[in-house]
Structures are given as C-alpha cells and as structure tokens.
Amino acid sequence: MKLEELVKQYKLKAVCCDMDGVLIDSLGLDLKVVNVLLREIGLSPIAVAFIKANFALSVTDFWTAILVEIGCKPSNPFLPQVVDSYNAVRRKEKIELLPLVRTFLEQTKKLGLAATVVSNNADEEVKQILLKSGIKPYFGFVIGNTQIDYRKPAPDCYLLAAKKLKVEPLHCLVIEDSVIGLQAARAAGIGCVLGVATGGESLEALGIYADLVINDLGELL
C-alpha cells in the first residue's frame, strides 16, 4: 500500500520514524565495528546473529547484552570504555541512509504529515546523526531516551511524541524495524503500525505486531 493510501485510510496526520534500521544503516556499522572494538579490549568476538537480534536496544543496553553473552558480568569495567569507544565511532563515521529514505521524507512533506524521530538512543546522539546524514531538517524535533522514564518496548516515547506533535496517537503512523519498537507503538495506541525489514528482524517476526509489513520504504512510494 502506498503512503498516500495509508494517509487516507487511517486519517493520518503525523509520522514517527525509528532511526536505526529505518532511516540509517546503523546495522551495517555495527556489523563492521562491534567485533573490532571487542578485540581492541581483549574480549571474544560475538556472533553476527546476536548483533542483528539486539542492535535495536539503546547503546548501553546493547553493549551490556553483548558483554553478558560472552560471559562478562553486567557490571564489567569494560562497559563504560566500550560504550564511549562505540559512541565515538558513531559520531565520527557518516552512517549511510537506507534506500529511498530522502524520497520517502519528501513524500511525507508533500502530503502534509508532521514528522519526528523516536529512538532508543540519547537525544543528542540522535540529533547529531540526523544532522550528519543530512535529514535533520525534515523533523521538527526528536524523542530520545533522555526524555522518558521507560524505553521501548514501553509506550512512553510514542505517547510523548504524539503529545508534542499535538496529534492523537490514533492519527499517527509509526515505522519500526524491531519487535520492541512495534510493541511500544502498539502499547501507545498508534493508529497505523508499520514494520520495515531493513533492520535485523524478518517480515514474519514484524508481522506479529504490525498492521503492515514491507521490505523497504520504497514500497510506500
């Protein structure tokens, strides 16, 4: 179904996009740097499947899960070091946009939809990545994990986004690439919940929680 049809069918007024795996190819960066960083501090590498299954978590939760998986305690002293190193890489590297993201954002603008980014990452990190990727002007504001008490899969982030957009959740479209993101949107009462398989989840896994599933944003154009 095309975006214009979704707008009419669900009476949409706003779109809320996750960032990692929906707008930017952060999974590609993770696959490139995670095991490099682990080797630098003398730790064992982690399986690609584990990275794909967990990259939607916040940066701290992501690295905590990795350290636990390779046999370290959650309070491991390596955690702050590796999180700082990882954030430095994200700030330094230009993370590529996923296919047709800019075209999709132009379409949202053409249809008069208000747009925001809702991420499990820290607000300032989100702003800097969007700025470096050249798409920050499409969004009036961002919602990161520093503005809420509970992260995805809790509904807090999407409830706050709808409030700041001054739009009822029922008239919002949420686009997510992860199960925890879709669960958050569902819990917030979002009118149209769309899963896109450009992150680490399959269409089948996304389809359990989404109203619609697509392979990439091009299917909406």
# chains A, B, ... in the order shown; residues from 1 in each chain; ligands from 1

call {"tool": "closest_atom_pairs", "arguments": {"of": "range 89-196 of chain A", "to": "range 16-20 of chain A", "cutoff": "8 Å", "atoms": "only C-alpha atoms", "output": "Markdown table"}}
result
| residue | atom | partner | partner_atom | distance |
| --- | --- | --- | --- | --- |
| A:Ala115 | CA | A:Cys16 | CA | 5.9 |
| A:Thr116 | CA | A:Cys16 | CA | 5.0 |
| A:Val117 | CA | A:Cys17 | CA | 4.8 |
| A:Val118 | CA | A:Asp18 | CA | 5.1 |
| A:Ser119 | CA | A:Asp18 | CA | 5.4 |
| A:Val126 | CA | A:Met19 | CA | 7.8 |
| A:Tyr158 | CA | A:Cys16 | CA | 7.9 |
| A:Ala161 | CA | A:Cys16 | CA | 7.6 |
| A:Cys172 | CA | A:Cys16 | CA | 7.1 |
| A:Leu173 | CA | A:Cys16 | CA | 6.1 |
| A:Val174 | CA | A:Cys16 | CA | 4.8 |
| A:Ile175 | CA | A:Cys17 | CA | 5.0 |
| A:Glu176 | CA | A:Asp18 | CA | 5.5 |
| A:Asp177 | CA | A:Asp18 | CA | 7.6 |
| A:Gly181 | CA | A:Asp18 | CA | 7.7 |

call {"tool": "select_by_dssp", "arguments": {"residues": "range 25-211 of chain A", "states": "strand (DSSP E or B)", "output": "list of chain:residue names"}}
result
A:Leu97, A:Ala114, A:Ala115, A:Thr116, A:Val117, A:Val118, A:Val142, A:Ile143, A:Cys172, A:Leu173, A:Val174, A:Ile175, A:Glu176, A:Cys192, A:Val193, A:Leu194, A:Gly195, A:Val196

call {"tool": "closest_residue", "arguments": {"among": "A:Lys52, A:Lys136, A:Lys13, A:Arg186", "to": "Lys166 in chain A", "atoms": "only C-alpha atoms"}}
result
A:Lys13

call {"tool": "closest_residue", "arguments": {"among": "A:Leu79, A:Leu67, A:Met1, A:Ile95", "to": "Lys32 in chain A", "atoms": "only C-alpha atoms"}}
result
A:Ile95

call {"tool": "select_by_dssp", "arguments": {"residues": "range 2-134 of chain A", "states": "alpha helix (DSSP H)", "output": "short mmCIF file (atom, residue, chain, number, x, y, z; two decimals) with N, CA and C atoms, in the first residue's frame"}}
result
data_model
loop_
_atom_site.label_atom_id
_atom_site.label_comp_id
_atom_site.auth_asym_id
_atom_site.auth_seq_id
_atom_site.Cartn_x
_atom_site.Cartn_y
_atom_site.Cartn_z
N LEU A 3 1.94 5.26 0.56
CA LEU A 3 1.79 6.17 1.70
C LEU A 3 0.53 7.02 1.57
N GLU A 4 0.25 7.50 0.38
CA GLU A 4 -0.93 8.34 0.18
C GLU A 4 -2.21 7.58 0.54
N GLU A 5 -2.26 6.30 0.22
CA GLU A 5 -3.41 5.47 0.55
C GLU A 5 -3.53 5.26 2.06
N LEU A 6 -2.37 5.06 2.71
CA LEU A 6 -2.37 4.90 4.16
C LEU A 6 -2.91 6.15 4.85
N VAL A 7 -2.50 7.31 4.37
CA VAL A 7 -2.94 8.58 4.94
C VAL A 7 -4.45 8.68 4.89
N LYS A 8 -5.02 8.31 3.77
CA LYS A 8 -6.48 8.38 3.62
C LYS A 8 -7.20 7.34 4.46
N GLN A 9 -6.71 6.10 4.42
CA GLN A 9 -7.39 5.01 5.12
C GLN A 9 -7.36 5.19 6.63
N TYR A 10 -6.21 5.62 7.17
CA TYR A 10 -6.06 5.74 8.62
C TYR A 10 -6.23 7.17 9.14
N SER A 26 22.49 1.70 10.51
CA SER A 26 23.34 1.52 11.68
C SER A 26 23.70 0.05 11.89
N LEU A 27 22.87 -0.87 11.40
CA LEU A 27 23.22 -2.28 11.50
C LEU A 27 24.49 -2.56 10.70
N GLY A 28 24.60 -1.94 9.54
CA GLY A 28 25.81 -2.10 8.74
C GLY A 28 27.04 -1.64 9.49
N LEU A 29 26.92 -0.53 10.22
CA LEU A 29 28.04 -0.04 11.03
C LEU A 29 28.35 -1.01 12.16
N ASP A 30 27.30 -1.49 12.83
CA ASP A 30 27.50 -2.43 13.94
C ASP A 30 28.24 -3.68 13.49
N LEU A 31 27.84 -4.22 12.36
CA LEU A 31 28.47 -5.43 11.85
C LEU A 31 29.95 -5.20 11.53
N LYS A 32 30.27 -3.95 11.22
CA LYS A 32 31.65 -3.62 10.86
C LYS A 32 32.53 -3.36 12.07
N VAL A 33 31.96 -2.77 13.14
CA VAL A 33 32.83 -2.28 14.22
C VAL A 33 32.73 -3.03 15.55
N VAL A 34 31.64 -3.74 15.80
CA VAL A 34 31.45 -4.34 17.12
C VAL A 34 32.59 -5.28 17.49
N ASN A 35 32.90 -6.22 16.63
CA ASN A 35 33.96 -7.18 16.96
C ASN A 35 35.35 -6.56 16.93
N VAL A 36 35.51 -5.49 16.16
CA VAL A 36 36.78 -4.75 16.18
C VAL A 36 36.99 -4.14 17.57
N LEU A 37 35.95 -3.53 18.12
CA LEU A 37 36.05 -2.92 19.45
C LEU A 37 36.27 -3.98 20.53
N LEU A 38 35.62 -5.12 20.40
CA LEU A 38 35.82 -6.19 21.38
C LEU A 38 37.26 -6.70 21.36
N ARG A 39 37.80 -6.85 20.17
CA ARG A 39 39.18 -7.32 20.07
C ARG A 39 40.16 -6.31 20.66
N GLU A 40 39.86 -5.04 20.49
CA GLU A 40 40.75 -3.99 21.00
C GLU A 40 40.90 -4.04 22.52
N VAL A 48 27.33 -12.70 14.52
CA VAL A 48 26.58 -11.72 13.73
C VAL A 48 25.08 -11.80 14.06
N ALA A 49 24.57 -13.03 14.24
CA ALA A 49 23.15 -13.20 14.54
C ALA A 49 22.76 -12.49 15.84
N PHE A 50 23.66 -12.49 16.82
CA PHE A 50 23.38 -11.82 18.09
C PHE A 50 23.33 -10.30 17.90
N ILE A 51 24.24 -9.77 17.10
CA ILE A 51 24.24 -8.33 16.81
C ILE A 51 22.92 -7.95 16.15
N LYS A 52 22.49 -8.70 15.15
CA LYS A 52 21.26 -8.40 14.43
C LYS A 52 20.04 -8.46 15.36
N ALA A 53 20.06 -9.39 16.29
CA ALA A 53 18.92 -9.58 17.19
C ALA A 53 18.81 -8.51 18.26
N ASN A 54 19.91 -7.77 18.52
CA ASN A 54 19.93 -6.85 19.66
C ASN A 54 20.27 -5.40 19.32
N VAL A 59 22.24 2.06 23.25
CA VAL A 59 23.66 1.74 23.16
C VAL A 59 24.15 1.01 24.41
N THR A 60 23.79 1.53 25.58
CA THR A 60 24.24 0.90 26.83
C THR A 60 23.66 -0.51 26.99
N ASP A 61 22.36 -0.66 26.70
CA ASP A 61 21.73 -1.98 26.81
C ASP A 61 22.31 -2.96 25.78
N PHE A 62 22.60 -2.46 24.60
CA PHE A 62 23.19 -3.27 23.53
C PHE A 62 24.52 -3.86 23.97
N TRP A 63 25.39 -2.99 24.51
CA TRP A 63 26.71 -3.46 24.92
C TRP A 63 26.66 -4.29 26.19
N THR A 64 25.71 -4.00 27.06
CA THR A 64 25.53 -4.85 28.25
C THR A 64 25.15 -6.26 27.82
N ALA A 65 24.22 -6.36 26.86
CA ALA A 65 23.80 -7.67 26.36
C ALA A 65 24.97 -8.42 25.72
N ILE A 66 25.81 -7.71 24.98
CA ILE A 66 26.97 -8.34 24.34
C ILE A 66 27.94 -8.88 25.39
N LEU A 67 28.24 -8.06 26.39
CA LEU A 67 29.20 -8.49 27.42
C LEU A 67 28.68 -9.69 28.20
N VAL A 68 27.38 -9.69 28.50
CA VAL A 68 26.78 -10.83 29.20
C VAL A 68 26.85 -12.08 28.31
N GLU A 69 26.57 -11.93 27.03
CA GLU A 69 26.58 -13.06 26.11
C GLU A 69 27.97 -13.72 26.02
N PHE A 78 34.73 -2.96 31.60
CA PHE A 78 34.91 -2.66 30.19
C PHE A 78 33.71 -1.90 29.60
N LEU A 79 32.54 -1.98 30.27
CA LEU A 79 31.32 -1.41 29.69
C LEU A 79 31.44 0.08 29.38
N PRO A 80 31.82 0.94 30.34
CA PRO A 80 31.93 2.37 30.00
C PRO A 80 32.95 2.62 28.89
N GLN A 81 34.04 1.87 28.90
CA GLN A 81 35.08 2.05 27.89
C GLN A 81 34.57 1.72 26.49
N VAL A 82 33.91 0.59 26.36
CA VAL A 82 33.47 0.17 25.04
C VAL A 82 32.29 1.03 24.56
N VAL A 83 31.43 1.46 25.48
CA VAL A 83 30.32 2.36 25.10
C VAL A 83 30.88 3.69 24.60
N ASP A 84 31.86 4.24 25.30
CA ASP A 84 32.48 5.50 24.86
C ASP A 84 33.13 5.34 23.49
N SER A 85 33.85 4.22 23.29
CA SER A 85 34.52 3.98 22.01
C SER A 85 33.50 3.84 20.89
N TYR A 86 32.41 3.14 21.17
CA TYR A 86 31.37 2.94 20.17
C TYR A 86 30.70 4.26 19.80
N ASN A 87 30.36 5.06 20.81
CA ASN A 87 29.74 6.36 20.54
C ASN A 87 30.67 7.27 19.75
N ALA A 88 31.96 7.18 20.02
CA ALA A 88 32.94 7.97 19.27
C ALA A 88 32.94 7.58 17.80
N VAL A 89 32.83 6.28 17.54
CA VAL A 89 32.77 5.81 16.15
C VAL A 89 31.52 6.32 15.47
N ARG A 90 30.39 6.24 16.17
CA ARG A 90 29.12 6.72 15.59
C ARG A 90 29.17 8.21 15.28
N ARG A 91 29.85 8.98 16.13
CA ARG A 91 29.97 10.41 15.88
C ARG A 91 30.91 10.70 14.72
N LYS A 92 31.93 9.89 14.59
CA LYS A 92 32.95 10.12 13.56
C LYS A 92 32.50 9.65 12.18
N VAL A 101 15.21 6.77 1.54
CA VAL A 101 14.78 7.49 2.74
C VAL A 101 14.45 8.93 2.42
N ARG A 102 15.34 9.59 1.69
CA ARG A 102 15.11 11.01 1.38
C ARG A 102 13.85 11.19 0.53
N THR A 103 13.65 10.30 -0.43
CA THR A 103 12.44 10.36 -1.26
C THR A 103 11.18 10.16 -0.41
N PHE A 104 11.25 9.23 0.52
CA PHE A 104 10.13 8.99 1.43
C PHE A 104 9.84 10.24 2.26
N LEU A 105 10.87 10.87 2.80
CA LEU A 105 10.67 12.06 3.63
C LEU A 105 10.10 13.22 2.81
N GLU A 106 10.51 13.33 1.57
CA GLU A 106 9.93 14.34 0.70
C GLU A 106 8.44 14.08 0.48
N GLN A 107 8.08 12.81 0.38
CA GLN A 107 6.68 12.45 0.20
C GLN A 107 5.85 12.78 1.44
N THR A 108 6.40 12.53 2.62
CA THR A 108 5.68 12.88 3.85
C THR A 108 5.42 14.39 3.90
N LYS A 109 6.42 15.14 3.49
CA LYS A 109 6.30 16.60 3.46
C LYS A 109 5.23 17.04 2.47
N LYS A 110 5.24 16.41 1.29
CA LYS A 110 4.27 16.73 0.25
C LYS A 110 2.84 16.45 0.71
N ASP A 123 19.12 11.68 23.10
CA ASP A 123 18.64 12.75 22.23
C ASP A 123 19.75 13.41 21.41
N GLU A 124 20.84 13.77 22.07
CA GLU A 124 21.91 14.50 21.38
C GLU A 124 22.58 13.62 20.33
N GLU A 125 22.72 12.33 20.62
CA GLU A 125 23.29 11.40 19.64
C GLU A 125 22.40 11.34 18.40
N VAL A 126 21.10 11.26 18.63
CA VAL A 126 20.14 11.19 17.52
C VAL A 126 20.24 12.46 16.66
N LYS A 127 20.26 13.61 17.30
CA LYS A 127 20.33 14.87 16.56
C LYS A 127 21.60 14.96 15.72
N GLN A 128 22.72 14.55 16.30
CA GLN A 128 24.00 14.64 15.59
C GLN A 128 24.04 13.69 14.39
N ILE A 129 23.51 12.50 14.55
CA ILE A 129 23.49 11.53 13.45
C ILE A 129 22.58 12.01 12.33
N LEU A 130 21.41 12.53 12.68
CA LEU A 130 20.49 13.05 11.66
C LEU A 130 21.11 14.24 10.93
N LEU A 131 21.80 15.09 11.67
CA LEU A 131 22.46 16.26 11.08
C LEU A 131 23.53 15.82 10.10
N LYS A 132 24.36 14.87 10.52
CA LYS A 132 25.44 14.38 9.67
C LYS A 132 24.91 13.65 8.44
N SER A 133 23.75 13.02 8.60
CA SER A 133 23.14 12.29 7.48
C SER A 133 22.38 13.22 6.53
#

call {"tool": "residues_around", "arguments": {"residues": "Asn215 in chain A", "least_positions_apart": "3", "cutoff": "7 Å", "atoms": "only C-alpha atoms", "output": "list in words"}}
result
Val196, Ala197 and Thr198 of chain A

call {"tool": "write_last_selection", "arguments": {"atoms": "C-alpha atoms", "output": "PDB file, in the first residue's frame"}}
result
ATOM      1  CA  VAL A 196      10.014  -2.494   7.721  1.00  0.00           C
ATOM      2  CA  ALA A 197      12.537  -5.307   7.286  1.00  0.00           C
ATOM      3  CA  THR A 198      15.619  -3.139   6.814  1.00  0.00           C
TER       4      THR A 198
END

call {"tool": "residues_around", "arguments": {"residues": "Asn145 in chain A", "least_positions_apart": "2", "cutoff": "9 Å", "atoms": "only C-alpha atoms", "output": "ChimeraX atom specification"}}
result
/A:58,118-123,143,147-152,157

call {"tool": "closest_residue", "arguments": {"among": "A:Ala188, A:Leu100, A:Phe141, A:Ala47", "to": "Leu220 in chain A", "atoms": "only C-alpha atoms"}}
result
A:Leu100

call {"tool": "atom_distance", "arguments": {"atom1": "CA of Gly112 in chain A", "atom2": "CA of Glu219 in chain A"}}
result
19.4 Å

call {"tool": "atom_distance", "arguments": {"atom1": "CA of Gly199 in chain A", "atom2": "CA of Val22 in chain A"}}
result
7.0 Å

call {"tool": "closest_residue", "arguments": {"among": "A:Leu217, A:Val15, A:Val142, A:Lys163", "to": "Pro99 in chain A", "atoms": "only C-alpha atoms"}}
result
A:Leu217

call {"tool": "closest_residue", "arguments": {"among": "A:Pro169, A:Leu206, A:Ile214, A:Ala14", "to": "Phe139 in chain A", "atoms": "only C-alpha atoms"}}
result
A:Ala14
